[in-house]
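Coordinates as given in model_6.tsv (TSV, C-alpha atoms):
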```
chain	number	residue	atom	x	y	z
A	68	MET	CA	-72.39	10.89	-150.57
A	69	SER	CA	-68.86	10.08	-151.61
A	70	ASP	CA	-68.13	7.23	-153.91
A	71	HIS	CA	-64.86	8.28	-155.47
A	72	GLN	CA	-62.58	5.65	-156.93
A	73	ASP	CA	-59.31	7.34	-155.97
A	74	ALA	CA	-59.83	6.92	-152.24
A	75	PRO	CA	-56.76	7.91	-150.27
A	76	VAL	CA	-55.02	4.97	-148.63
A	77	THR	CA	-54.37	6.66	-145.32
A	78	PRO	CA	-57.16	6.78	-142.74
A	79	VAL	CA	-58.10	10.19	-141.39
A	80	GLU	CA	-56.15	10.81	-138.20
A	81	ALA	CA	-57.32	10.57	-134.59
A	82	TYR	CA	-58.23	14.11	-133.66
A	83	GLU	CA	-58.34	15.33	-130.10
A	84	PRO	CA	-61.84	14.59	-128.67
A	85	PRO	CA	-64.43	15.84	-128.56
A	86	TYR	CA	-65.28	16.00	-132.25
A	87	TYR	CA	-68.13	14.63	-134.33
A	88	VAL	CA	-68.47	11.79	-136.82
A	89	ALA	CA	-71.26	11.39	-139.34
A	90	VAL	CA	-71.33	7.73	-140.37
A	91	PHE	CA	-73.23	7.21	-143.61
A	92	THR	CA	-73.74	3.58	-144.67
A	93	SER	CA	-75.50	2.97	-147.97
A	94	VAL	CA	-76.44	0.58	-150.72
A	95	ARG	CA	-76.82	2.06	-154.17
A	96	THR	CA	-79.45	1.51	-156.84
A	97	GLU	CA	-78.25	0.77	-160.37
A	98	ASN	CA	-79.03	4.33	-161.42
A	99	GLU	CA	-75.67	6.03	-162.02
A	100	THR	CA	-77.02	9.12	-163.76
A	101	GLY	CA	-75.44	12.21	-162.26
A	102	TYR	CA	-74.16	10.37	-159.22
A	103	ALA	CA	-70.40	10.74	-159.73
A	104	GLU	CA	-70.67	14.43	-160.56
A	105	THR	CA	-72.85	15.16	-157.54
A	106	SER	CA	-70.64	13.10	-155.27
A	107	ALA	CA	-67.53	14.98	-156.42
A	108	ARG	CA	-69.33	18.29	-155.99
A	109	MET	CA	-70.39	17.40	-152.43
A	110	GLU	CA	-66.81	16.47	-151.59
A	111	GLU	CA	-65.66	19.88	-152.74
A	112	LEU	CA	-68.48	21.67	-150.96
A	113	VAL	CA	-68.00	20.03	-147.56
A	114	LYS	CA	-64.36	21.13	-147.53
A	115	ASP	CA	-65.56	24.72	-147.34
A	116	VAL	CA	-67.62	24.09	-144.20
A	117	PRO	CA	-65.88	25.72	-141.22
A	118	GLY	CA	-65.04	22.93	-138.79
A	119	PHE	CA	-64.90	20.15	-141.40
A	120	LEU	CA	-61.93	17.94	-140.50
A	121	GLY	CA	-61.85	15.19	-143.11
A	122	MET	CA	-63.57	12.22	-144.66
A	123	ASP	CA	-62.98	8.48	-144.99
A	124	HIS	CA	-64.66	6.34	-147.60
A	125	ALA	CA	-64.73	2.66	-148.49
A	126	LYS	CA	-66.93	0.69	-150.85
A	127	THR	CA	-67.19	-3.05	-151.27
A	128	PRO	CA	-67.77	-3.72	-154.99
A	129	GLY	CA	-71.45	-4.55	-155.42
A	130	GLY	CA	-72.00	-4.12	-151.72
A	131	LEU	CA	-71.98	-1.67	-148.88
A	132	SER	CA	-70.53	1.83	-149.05
A	133	ILE	CA	-69.41	3.64	-145.89
A	134	THR	CA	-68.53	7.33	-145.73
A	135	VAL	CA	-67.39	8.86	-142.45
A	136	GLY	CA	-67.23	12.65	-142.18
A	137	TYR	CA	-65.32	14.25	-139.30
A	138	PHE	CA	-66.37	17.61	-137.88
A	139	ARG	CA	-64.95	19.78	-135.11
A	140	ASP	CA	-68.30	20.40	-133.40
A	141	ALA	CA	-72.07	20.18	-133.71
A	142	ASP	CA	-72.20	23.64	-135.32
A	143	ALA	CA	-70.05	22.47	-138.20
A	144	LEU	CA	-72.45	19.58	-138.78
A	145	THR	CA	-75.42	21.90	-138.64
A	146	ARG	CA	-73.84	24.12	-141.26
A	147	TRP	CA	-73.30	21.15	-143.56
A	148	ARG	CA	-76.76	19.80	-142.84
A	149	SER	CA	-78.41	23.08	-143.77
A	150	ASP	CA	-76.47	23.69	-147.00
A	151	ALA	CA	-79.04	24.13	-149.77
A	152	GLU	CA	-77.04	22.33	-152.45
A	153	HIS	CA	-76.39	19.44	-150.08
A	154	HIS	CA	-80.07	19.29	-149.27
A	155	ALA	CA	-80.97	19.07	-152.95
A	156	ALA	CA	-78.40	16.29	-153.44
A	157	GLN	CA	-79.90	14.33	-150.54
A	158	GLN	CA	-83.36	14.58	-152.06
A	159	ARG	CA	-82.08	13.37	-155.40
A	160	GLY	CA	-80.23	10.58	-153.60
A	161	ARG	CA	-83.45	9.26	-152.09
A	162	ALA	CA	-85.26	9.60	-155.41
A	163	GLU	CA	-82.63	7.97	-157.60
A	164	TRP	CA	-79.37	6.70	-156.12
A	165	TYR	CA	-79.95	4.90	-152.84
A	166	GLU	CA	-81.61	1.59	-152.23
A	167	SER	CA	-81.16	2.14	-148.51
A	168	TYR	CA	-78.98	4.09	-146.13
A	169	THR	CA	-78.45	4.84	-142.47
A	170	LEU	CA	-76.90	7.93	-140.93
A	171	HIS	CA	-75.41	7.91	-137.42
A	172	VAL	CA	-74.27	11.25	-135.99
A	173	ALA	CA	-72.08	10.82	-132.95
A	174	LYS	CA	-69.77	12.69	-130.60
A	175	VAL	CA	-66.33	11.14	-130.31
A	176	GLU	CA	-65.19	10.45	-126.77
A	177	ARG	CA	-62.01	8.49	-127.44
A	178	SER	CA	-59.74	7.91	-130.38
A	179	HIS	CA	-56.39	6.46	-131.21
A	180	ALA	CA	-54.26	5.79	-134.22
A	181	PHE	CA	-51.55	3.40	-135.28
A	182	THR	CA	-48.99	3.81	-138.02
A	183	ARG	CA	-46.50	1.06	-138.80
A	184	GLY	CA	-42.99	1.99	-137.81
A	185	GLU	CA	-44.06	4.43	-135.13
A	186	ALA	CA	-43.25	3.54	-131.56
A	187	SER	CA	-46.73	2.85	-130.23
A	188	PRO	CA	-50.37	3.73	-130.66
A	189	ALA	CA	-51.07	7.34	-129.78
A	190	PRO	CA	-54.17	7.50	-127.62
A	191	SER	CA	-55.71	10.94	-127.72
A	192	ALA	CA	-57.96	10.17	-124.79
A	193	GLY	CA	-59.14	7.36	-122.53
B	275	MET	CA	-61.04	-6.42	-137.73
B	276	SER	CA	-63.59	-7.62	-140.24
B	277	ASP	CA	-62.66	-8.08	-143.86
B	278	HIS	CA	-65.20	-10.62	-144.97
B	279	GLN	CA	-66.08	-10.80	-148.65
B	280	ASP	CA	-69.73	-11.74	-148.14
B	281	ALA	CA	-70.67	-8.37	-146.67
B	282	PRO	CA	-74.41	-8.03	-146.17
B	283	VAL	CA	-75.98	-5.54	-148.57
B	284	THR	CA	-78.25	-3.91	-146.01
B	285	PRO	CA	-76.85	-1.25	-143.70
B	286	VAL	CA	-77.30	-1.79	-139.98
B	287	GLU	CA	-80.46	0.02	-138.90
B	288	ALA	CA	-80.81	3.35	-137.09
B	289	TYR	CA	-81.18	2.40	-133.43
B	290	GLU	CA	-82.78	4.66	-130.88
B	291	PRO	CA	-80.09	7.01	-129.49
B	292	PRO	CA	-78.11	7.01	-127.39
B	293	TYR	CA	-75.90	4.14	-128.50
B	294	TYR	CA	-72.23	3.84	-129.37
B	295	VAL	CA	-70.29	3.43	-132.58
B	296	ALA	CA	-66.71	2.23	-132.87
B	297	VAL	CA	-65.41	3.38	-136.25
B	298	PHE	CA	-62.29	1.47	-137.28
B	299	THR	CA	-60.59	2.69	-140.47
B	300	SER	CA	-57.57	0.74	-141.67
B	301	VAL	CA	-55.10	0.02	-144.41
B	302	ARG	CA	-53.69	-3.50	-144.54
B	303	THR	CA	-50.18	-4.77	-145.08
B	304	GLU	CA	-49.66	-7.48	-147.67
B	305	ASN	CA	-49.37	-10.08	-144.91
B	306	GLU	CA	-52.49	-12.26	-145.14
B	307	THR	CA	-51.30	-15.02	-142.82
B	308	GLY	CA	-54.00	-15.84	-140.32
B	309	TYR	CA	-55.95	-12.67	-141.03
B	310	ALA	CA	-59.15	-14.13	-142.46
B	311	GLU	CA	-59.42	-16.74	-139.72
B	312	THR	CA	-58.87	-14.20	-136.96
B	313	SER	CA	-61.28	-11.76	-138.54
B	314	ALA	CA	-64.00	-14.41	-138.76
B	315	ARG	CA	-63.32	-15.43	-135.17
B	316	MET	CA	-63.61	-11.83	-133.94
B	317	GLU	CA	-66.91	-11.46	-135.78
B	318	GLU	CA	-68.23	-14.49	-133.96
B	319	LEU	CA	-66.85	-13.38	-130.63
B	320	VAL	CA	-68.25	-9.85	-130.69
B	321	LYS	CA	-71.76	-11.23	-131.24
B	322	ASP	CA	-71.58	-12.74	-127.76
B	323	VAL	CA	-70.87	-9.40	-126.12
B	324	PRO	CA	-73.98	-8.25	-124.22
B	325	GLY	CA	-75.08	-4.98	-125.78
B	326	PHE	CA	-73.53	-5.61	-129.19
B	327	LEU	CA	-76.01	-4.38	-131.80
B	328	GLY	CA	-74.41	-5.02	-135.17
B	329	MET	CA	-71.59	-4.28	-137.56
B	330	ASP	CA	-71.13	-2.66	-140.96
B	331	HIS	CA	-68.11	-3.25	-143.13
B	332	ALA	CA	-66.84	-1.95	-146.46
B	333	LYS	CA	-63.50	-2.30	-148.20
B	334	THR	CA	-62.26	-0.56	-151.30
B	335	PRO	CA	-60.10	-3.07	-153.21
B	336	GLY	CA	-56.47	-2.14	-152.58
B	337	GLY	CA	-57.58	0.76	-150.42
B	338	LEU	CA	-59.27	1.71	-147.23
B	339	SER	CA	-61.29	-0.64	-145.05
B	340	ILE	CA	-63.96	0.70	-142.68
B	341	THR	CA	-65.65	-1.36	-139.98
B	342	VAL	CA	-68.33	0.19	-137.79
B	343	GLY	CA	-69.43	-1.65	-134.67
B	344	TYR	CA	-72.64	-0.63	-132.91
B	345	PHE	CA	-73.05	-1.05	-129.15
B	346	ARG	CA	-75.91	-0.31	-126.78
B	347	ASP	CA	-73.78	1.51	-124.22
B	348	ALA	CA	-70.25	2.23	-123.01
B	349	ASP	CA	-70.27	-0.91	-120.85
B	350	ALA	CA	-70.76	-3.11	-123.90
B	351	LEU	CA	-67.75	-1.47	-125.53
B	352	THR	CA	-65.69	-1.94	-122.39
B	353	ARG	CA	-66.56	-5.63	-122.35
B	354	TRP	CA	-65.43	-6.02	-125.96
B	355	ARG	CA	-62.34	-3.91	-125.35
B	356	SER	CA	-61.26	-6.06	-122.43
B	357	ASP	CA	-61.82	-9.44	-124.11
B	358	ALA	CA	-58.53	-11.33	-123.90
B	359	GLU	CA	-58.81	-13.00	-127.30
B	360	HIS	CA	-59.70	-9.66	-128.90
B	361	HIS	CA	-56.72	-8.08	-127.19
B	362	ALA	CA	-54.38	-10.75	-128.59
B	363	ALA	CA	-55.84	-10.22	-132.07
B	364	GLN	CA	-55.23	-6.48	-131.82
B	365	GLN	CA	-51.61	-7.06	-130.87
B	366	ARG	CA	-51.12	-9.40	-133.81
B	367	GLY	CA	-52.86	-6.84	-136.03
B	368	ARG	CA	-50.31	-4.20	-135.15
B	369	ALA	CA	-47.44	-6.64	-135.57
B	370	GLU	CA	-48.53	-8.14	-138.88
B	371	TRP	CA	-51.72	-7.00	-140.58
B	372	TYR	CA	-52.13	-3.25	-140.41
B	373	GLU	CA	-50.14	-0.57	-142.16
B	374	SER	CA	-52.16	2.04	-140.32
B	375	TYR	CA	-55.47	2.42	-138.58
B	376	THR	CA	-57.58	4.87	-136.63
B	377	LEU	CA	-60.28	4.10	-134.07
B	378	HIS	CA	-63.00	6.61	-133.21
B	379	VAL	CA	-65.35	5.70	-130.34
B	380	ALA	CA	-68.43	7.91	-130.27
B	381	LYS	CA	-71.84	8.28	-128.66
B	382	VAL	CA	-74.66	8.56	-131.19
B	383	GLU	CA	-76.92	11.54	-130.68
B	384	ARG	CA	-79.02	11.33	-133.83
B	385	SER	CA	-79.74	8.74	-136.49
B	386	HIS	CA	-82.05	8.09	-139.34
B	387	ALA	CA	-82.59	5.52	-142.03
B	388	PHE	CA	-84.03	5.34	-145.50
B	389	THR	CA	-85.30	2.32	-147.37
B	390	ARG	CA	-86.56	2.59	-150.94
B	391	GLY	CA	-90.29	2.09	-151.15
B	392	GLU	CA	-90.96	3.17	-147.61
B	393	ALA	CA	-92.89	6.39	-147.14
B	394	SER	CA	-90.17	8.62	-145.74
B	395	PRO	CA	-86.94	8.58	-143.77
B	396	ALA	CA	-87.49	7.51	-140.18
B	397	PRO	CA	-85.66	9.90	-137.88
B	398	SER	CA	-85.06	8.32	-134.51
B	399	ALA	CA	-84.04	11.63	-132.98
B	400	GLY	CA	-83.18	15.21	-133.86
```

Just dump the structure as structure tokens.
Amino acid sequence: MSDHQDAPVTPVEAYEPPYYVAVFTSVRTENETGYAETSARMEELVKDVPGFLGMDHAKTPGGLSITVGYFRDADALTRWRSDAEHHAAQQRGRAEWYESYTLHVAKVERSHAFTRGEASPAPSAG
Amino acid sequence: MSDHQDAPVTPVEAYEPPYYVAVFTSVRTENETGYAETSARMEELVKDVPGFLGMDHAKTPGGLSITVGYFRDADALTRWRSDAEHHAAQQRGRAEWYESYTLHVAKVERSHAFTRGEASPAPSAG
């Protein structure tokens, strides 16, 4: 859902696998009504989900938006998926805000991270 | 690697699980030398990998970049991971182009897609 303009400039870290990613790729309609408020509210709400690890977001102006949510396990995703307020926001999203989207829910098997100035990439697995 | 400005405005579709995603989140340095050429070359190269399904990319101006590569199976990812030219590009990326990045490689268990004007979301599983 997220479309915030003050995106942090540090990627979410490489957690120790296994964990889950929910990759949400979307193209918006031109209808902005209520979108920013709902998006901000969803960002707040997901933080309260036990097992939520973090979120990355990027949006090409006039183009594709990608939001990646990170969750400790499938149960955490199920909790988020069954949240009533989230469900209502998804319905409104299909009715008003999204031209198209795809969701990919996946279990992470391998991850690594790089930060400039650190000795070497830190593989967490594989 | 991708940072192209002419990003397609349709998200990659929801394939039938299982398949793999490689989620690459990054923040760039200010060093642009050779980046665009290498990025374009990698985009060409990955298309030749048997089992490569597609790629989504978004970049917040001055902020986070997210590239998601979709692969049919783990073997396809291994082929891409062991490509010599890709390997050289990754090394140069760490030396010159990336401030920080994280890679999450994950097996998709569930996916669905929505397109405005179609009857309903098409769940491919779950």

Smallest atom-to-atom distance to chain A: which of B:Lys321, B:Arg315, B:His361, B:Arg368, using only C-alpha atoms?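 Checking each candidate against chain A, we get B:Arg368 as the closest.
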
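Put simply, atom CA of A:Tyr137 is 8.5 Å away from atom CA of A:Val79.
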
May I have a table of the residues of chain B lying at most 9 Å from chain A, giving each one's closest pair of atoms and their distance in Å to one decimal, counting all atoms listed in the file, ordered by chain and ascending residue number, as a Markdown table?
```
| residue | atom | partner | partner_atom | distance |
| --- | --- | --- | --- | --- |
| B:Gln279 | CA | A:Thr127 | CA | 8.3 |
| B:Asp280 | CA | A:Gly130 | CA | 8.7 |
| B:Ala281 | CA | A:Gly130 | CA | 6.7 |
| B:Pro282 | CA | A:Gly130 | CA | 7.2 |
| B:Val283 | CA | A:Gly130 | CA | 5.3 |
| B:Thr284 | CA | A:Val94 | CA | 6.8 |
| B:Pro285 | CA | A:Thr92 | CA | 5.8 |
| B:Val286 | CA | A:Thr169 | CA | 7.2 |
| B:Glu287 | CA | A:Thr169 | CA | 6.3 |
| B:Ala288 | CA | A:Thr169 | CA | 6.1 |
| B:Tyr289 | CA | A:His171 | CA | 8.9 |
| B:Tyr293 | CA | A:Ala173 | CA | 8.9 |
| B:Tyr294 | CA | A:Ala173 | CA | 7.8 |
| B:Val295 | CA | A:Ala173 | CA | 7.6 |
| B:Val297 | CA | A:Val90 | CA | 8.4 |
| B:Thr299 | CA | A:Pro78 | CA | 5.8 |
| B:Ser300 | CA | A:Pro78 | CA | 6.1 |
| B:Val301 | CA | A:Val76 | CA | 6.5 |
| B:Asp330 | CA | A:Thr92 | CA | 7.7 |
| B:His331 | CA | A:Leu131 | CA | 7.1 |
| B:Ala332 | CA | A:Thr127 | CA | 4.9 |
| B:Lys333 | CA | A:Thr127 | CA | 4.9 |
| B:Thr334 | CA | A:Lys126 | CA | 4.9 |
| B:Pro335 | CA | A:Thr127 | CA | 7.4 |
| B:Gly336 | CA | A:Val76 | CA | 8.3 |
| B:Gly337 | CA | A:Val76 | CA | 5.2 |
| B:Leu338 | CA | A:Val76 | CA | 5.5 |
| B:Ser339 | CA | A:Ala125 | CA | 5.9 |
| B:Ile340 | CA | A:Ala125 | CA | 6.2 |
| B:Thr341 | CA | A:Ile133 | CA | 8.6 |
| B:Val342 | CA | A:Val90 | CA | 8.5 |
| B:Arg368 | CA | A:Arg183 | CA | 7.5 |
| B:Ala369 | CA | A:Arg183 | CA | 8.4 |
| B:Tyr372 | CA | A:Arg183 | CA | 7.3 |
| B:Glu373 | CA | A:Arg183 | CA | 5.2 |
| B:Ser374 | CA | A:Thr182 | CA | 4.3 |
| B:Tyr375 | CA | A:Phe181 | CA | 5.2 |
| B:Thr376 | CA | A:Ala180 | CA | 4.2 |
| B:Leu377 | CA | A:Ser178 | CA | 5.3 |
| B:His378 | CA | A:Ser178 | CA | 4.5 |
| B:Val379 | CA | A:Arg177 | CA | 5.2 |
| B:Ala380 | CA | A:Val175 | CA | 3.9 |
| B:Lys381 | CA | A:Ala173 | CA | 5.0 |
| B:Val382 | CA | A:Ala173 | CA | 3.9 |
| B:Glu383 | CA | A:Ala173 | CA | 5.4 |
| B:Arg384 | CA | A:Val172 | CA | 5.2 |
| B:Ser385 | CA | A:His171 | CA | 4.5 |
| B:His386 | CA | A:Leu170 | CA | 5.4 |
| B:Ala387 | CA | A:Thr169 | CA | 4.2 |
| B:Phe388 | CA | A:Tyr168 | CA | 5.2 |
| B:Thr389 | CA | A:Ser167 | CA | 4.3 |
| B:Arg390 | CA | A:Glu166 | CA | 5.2 |
| B:Gly391 | CA | A:Glu166 | CA | 8.8 |
```

Keeping only C-alpha atoms, write the selected residues as an mmCIF file, in the frame of the given file.
```cif
data_model
loop_
_atom_site.group_PDB
_atom_site.id
_atom_site.type_symbol
_atom_site.label_atom_id
_atom_site.label_comp_id
_atom_site.auth_asym_id
_atom_site.auth_seq_id
_atom_site.Cartn_x
_atom_site.Cartn_y
_atom_site.Cartn_z
ATOM 1 C CA GLN B 279 -66.080 -10.800 -148.650
ATOM 2 C CA ASP B 280 -69.730 -11.740 -148.140
ATOM 3 C CA ALA B 281 -70.670 -8.370 -146.670
ATOM 4 C CA PRO B 282 -74.410 -8.030 -146.170
ATOM 5 C CA VAL B 283 -75.980 -5.540 -148.570
ATOM 6 C CA THR B 284 -78.250 -3.910 -146.010
ATOM 7 C CA PRO B 285 -76.850 -1.250 -143.700
ATOM 8 C CA VAL B 286 -77.300 -1.790 -139.980
ATOM 9 C CA GLU B 287 -80.460 0.020 -138.900
ATOM 10 C CA ALA B 288 -80.810 3.350 -137.090
ATOM 11 C CA TYR B 289 -81.180 2.400 -133.430
ATOM 12 C CA TYR B 293 -75.900 4.140 -128.500
ATOM 13 C CA TYR B 294 -72.230 3.840 -129.370
ATOM 14 C CA VAL B 295 -70.290 3.430 -132.580
ATOM 15 C CA VAL B 297 -65.410 3.380 -136.250
ATOM 16 C CA THR B 299 -60.590 2.690 -140.470
ATOM 17 C CA SER B 300 -57.570 0.740 -141.670
ATOM 18 C CA VAL B 301 -55.100 0.020 -144.410
ATOM 19 C CA ASP B 330 -71.130 -2.660 -140.960
ATOM 20 C CA HIS B 331 -68.110 -3.250 -143.130
ATOM 21 C CA ALA B 332 -66.840 -1.950 -146.460
ATOM 22 C CA LYS B 333 -63.500 -2.300 -148.200
ATOM 23 C CA THR B 334 -62.260 -0.560 -151.300
ATOM 24 C CA PRO B 335 -60.100 -3.070 -153.210
ATOM 25 C CA GLY B 336 -56.470 -2.140 -152.580
ATOM 26 C CA GLY B 337 -57.580 0.760 -150.420
ATOM 27 C CA LEU B 338 -59.270 1.710 -147.230
ATOM 28 C CA SER B 339 -61.290 -0.640 -145.050
ATOM 29 C CA ILE B 340 -63.960 0.700 -142.680
ATOM 30 C CA THR B 341 -65.650 -1.360 -139.980
ATOM 31 C CA VAL B 342 -68.330 0.190 -137.790
ATOM 32 C CA ARG B 368 -50.310 -4.200 -135.150
ATOM 33 C CA ALA B 369 -47.440 -6.640 -135.570
ATOM 34 C CA TYR B 372 -52.130 -3.250 -140.410
ATOM 35 C CA GLU B 373 -50.140 -0.570 -142.160
ATOM 36 C CA SER B 374 -52.160 2.040 -140.320
ATOM 37 C CA TYR B 375 -55.470 2.420 -138.580
ATOM 38 C CA THR B 376 -57.580 4.870 -136.630
ATOM 39 C CA LEU B 377 -60.280 4.100 -134.070
ATOM 40 C CA HIS B 378 -63.000 6.610 -133.210
ATOM 41 C CA VAL B 379 -65.350 5.700 -130.340
ATOM 42 C CA ALA B 380 -68.430 7.910 -130.270
ATOM 43 C CA LYS B 381 -71.840 8.280 -128.660
ATOM 44 C CA VAL B 382 -74.660 8.560 -131.190
ATOM 45 C CA GLU B 383 -76.920 11.540 -130.680
ATOM 46 C CA ARG B 384 -79.020 11.330 -133.830
ATOM 47 C CA SER B 385 -79.740 8.740 -136.490
ATOM 48 C CA HIS B 386 -82.050 8.090 -139.340
ATOM 49 C CA ALA B 387 -82.590 5.520 -142.030
ATOM 50 C CA PHE B 388 -84.030 5.340 -145.500
ATOM 51 C CA THR B 389 -85.300 2.320 -147.370
ATOM 52 C CA ARG B 390 -86.560 2.590 -150.940
ATOM 53 C CA GLY B 391 -90.290 2.090 -151.150
#
```

Work out how far apart atom CA of A:Met109 and atom CA of B:Gly343 are and give it in Å to one decimal.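 Separation between atom CA of A:Met109 and atom CA of B:Gly343: 26.1 Å.
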
Using only C-alpha atoms, which of A:Glu83, A:Phe119, A:Trp147, A:Ala156 sits nearest A:Ser106? A:Ala156

Both chains have the same sequence, so match all Cα atoms in order, fit chain B onto chain A by least squares, and return it as a CSV table (one decimal) with C-alpha atoms, keeping the file's coordinate frame.
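Below is the file that was written, result-v9.csv:
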```csv
chain,number,residue,atom,x,y,z
B,275,MET,CA,-72.4,10.8,-150.7
B,276,SER,CA,-68.8,10.0,-151.7
B,277,ASP,CA,-68.1,7.1,-154.0
B,278,HIS,CA,-64.8,8.2,-155.5
B,279,GLN,CA,-62.5,5.5,-156.9
B,280,ASP,CA,-59.3,7.3,-156.0
B,281,ALA,CA,-59.8,6.8,-152.2
B,282,PRO,CA,-56.8,7.9,-150.2
B,283,VAL,CA,-55.0,5.0,-148.6
B,284,THR,CA,-54.4,6.7,-145.3
B,285,PRO,CA,-57.1,6.8,-142.7
B,286,VAL,CA,-58.1,10.2,-141.4
B,287,GLU,CA,-56.1,10.8,-138.2
B,288,ALA,CA,-57.3,10.6,-134.6
B,289,TYR,CA,-58.2,14.1,-133.6
B,290,GLU,CA,-58.4,15.3,-130.1
B,291,PRO,CA,-61.8,14.6,-128.7
B,292,PRO,CA,-64.4,15.8,-128.5
B,293,TYR,CA,-65.3,16.0,-132.2
B,294,TYR,CA,-68.1,14.6,-134.3
B,295,VAL,CA,-68.5,11.8,-136.8
B,296,ALA,CA,-71.3,11.4,-139.3
B,297,VAL,CA,-71.3,7.7,-140.4
B,298,PHE,CA,-73.2,7.2,-143.6
B,299,THR,CA,-73.8,3.6,-144.7
B,300,SER,CA,-75.5,3.0,-148.0
B,301,VAL,CA,-76.4,0.6,-150.7
B,302,ARG,CA,-76.8,2.1,-154.2
B,303,THR,CA,-79.4,1.5,-156.9
B,304,GLU,CA,-78.3,0.8,-160.4
B,305,ASN,CA,-79.0,4.3,-161.4
B,306,GLU,CA,-75.7,6.0,-162.0
B,307,THR,CA,-77.0,9.1,-163.7
B,308,GLY,CA,-75.4,12.2,-162.3
B,309,TYR,CA,-74.2,10.4,-159.2
B,310,ALA,CA,-70.4,10.7,-159.7
B,311,GLU,CA,-70.7,14.4,-160.6
B,312,THR,CA,-72.8,15.2,-157.5
B,313,SER,CA,-70.6,13.1,-155.3
B,314,ALA,CA,-67.5,15.0,-156.4
B,315,ARG,CA,-69.3,18.3,-156.0
B,316,MET,CA,-70.4,17.4,-152.4
B,317,GLU,CA,-66.8,16.5,-151.6
B,318,GLU,CA,-65.7,19.9,-152.7
B,319,LEU,CA,-68.5,21.7,-151.0
B,320,VAL,CA,-68.0,20.0,-147.6
B,321,LYS,CA,-64.4,21.1,-147.5
B,322,ASP,CA,-65.6,24.7,-147.3
B,323,VAL,CA,-67.6,24.1,-144.2
B,324,PRO,CA,-65.9,25.7,-141.2
B,325,GLY,CA,-65.0,22.9,-138.8
B,326,PHE,CA,-64.9,20.2,-141.4
B,327,LEU,CA,-61.9,17.9,-140.5
B,328,GLY,CA,-61.9,15.2,-143.1
B,329,MET,CA,-63.6,12.2,-144.7
B,330,ASP,CA,-63.0,8.5,-145.0
B,331,HIS,CA,-64.7,6.4,-147.6
B,332,ALA,CA,-64.7,2.7,-148.5
B,333,LYS,CA,-66.9,0.7,-150.8
B,334,THR,CA,-67.2,-3.0,-151.3
B,335,PRO,CA,-67.8,-3.7,-155.0
B,336,GLY,CA,-71.5,-4.5,-155.4
B,337,GLY,CA,-72.0,-4.1,-151.7
B,338,LEU,CA,-72.0,-1.7,-148.9
B,339,SER,CA,-70.5,1.8,-149.0
B,340,ILE,CA,-69.4,3.6,-145.9
B,341,THR,CA,-68.5,7.3,-145.7
B,342,VAL,CA,-67.4,8.9,-142.4
B,343,GLY,CA,-67.2,12.6,-142.2
B,344,TYR,CA,-65.3,14.3,-139.3
B,345,PHE,CA,-66.4,17.6,-137.9
B,346,ARG,CA,-65.0,19.8,-135.1
B,347,ASP,CA,-68.3,20.4,-133.4
B,348,ALA,CA,-72.1,20.2,-133.7
B,349,ASP,CA,-72.2,23.6,-135.3
B,350,ALA,CA,-70.1,22.5,-138.2
B,351,LEU,CA,-72.4,19.6,-138.8
B,352,THR,CA,-75.4,21.9,-138.6
B,353,ARG,CA,-73.8,24.1,-141.3
B,354,TRP,CA,-73.3,21.2,-143.6
B,355,ARG,CA,-76.8,19.8,-142.8
B,356,SER,CA,-78.4,23.1,-143.8
B,357,ASP,CA,-76.5,23.7,-147.0
B,358,ALA,CA,-79.0,24.1,-149.8
B,359,GLU,CA,-77.0,22.3,-152.5
B,360,HIS,CA,-76.4,19.4,-150.1
B,361,HIS,CA,-80.1,19.3,-149.3
B,362,ALA,CA,-81.0,19.1,-153.0
B,363,ALA,CA,-78.4,16.3,-153.4
B,364,GLN,CA,-79.9,14.3,-150.5
B,365,GLN,CA,-83.4,14.6,-152.1
B,366,ARG,CA,-82.1,13.4,-155.4
B,367,GLY,CA,-80.2,10.6,-153.6
B,368,ARG,CA,-83.4,9.3,-152.1
B,369,ALA,CA,-85.3,9.6,-155.4
B,370,GLU,CA,-82.6,8.0,-157.6
B,371,TRP,CA,-79.4,6.7,-156.1
B,372,TYR,CA,-79.9,4.9,-152.8
B,373,GLU,CA,-81.6,1.6,-152.2
B,374,SER,CA,-81.1,2.1,-148.5
B,375,TYR,CA,-79.0,4.1,-146.1
B,376,THR,CA,-78.5,4.8,-142.5
B,377,LEU,CA,-76.9,7.9,-140.9
B,378,HIS,CA,-75.4,7.9,-137.4
B,379,VAL,CA,-74.3,11.3,-136.0
B,380,ALA,CA,-72.1,10.8,-132.9
B,381,LYS,CA,-69.8,12.7,-130.6
B,382,VAL,CA,-66.3,11.1,-130.3
B,383,GLU,CA,-65.2,10.5,-126.8
B,384,ARG,CA,-62.0,8.5,-127.4
B,385,SER,CA,-59.7,7.9,-130.4
B,386,HIS,CA,-56.4,6.5,-131.2
B,387,ALA,CA,-54.2,5.8,-134.2
B,388,PHE,CA,-51.5,3.4,-135.3
B,389,THR,CA,-49.0,3.8,-138.0
B,390,ARG,CA,-46.5,1.1,-138.8
B,391,GLY,CA,-43.0,2.0,-137.8
B,392,GLU,CA,-44.0,4.5,-135.2
B,393,ALA,CA,-43.3,3.5,-131.6
B,394,SER,CA,-46.7,2.8,-130.3
B,395,PRO,CA,-50.4,3.7,-130.7
B,396,ALA,CA,-51.1,7.3,-129.9
B,397,PRO,CA,-54.2,7.5,-127.7
B,398,SER,CA,-55.7,10.9,-127.7
B,399,ALA,CA,-58.0,10.2,-124.8
B,400,GLY,CA,-59.2,7.3,-122.6
```

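Separating atom CA of A:Glu110 from atom CA of A:Phe138 is a distance of 13.8 Å.
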
Let me know the centre plus edge lengths, in Å and rounded to one decimal, of a box with edges along x, y and z that contains all listed atoms of stretch 355-369 of chain B and is padded by 5 Å on every side, as JSON.
```
{"center_x": -54.9, "center_y": -8.5, "center_z": -129.2, "size_x": 24.9, "size_y": 19.1, "size_z": 23.6}
```
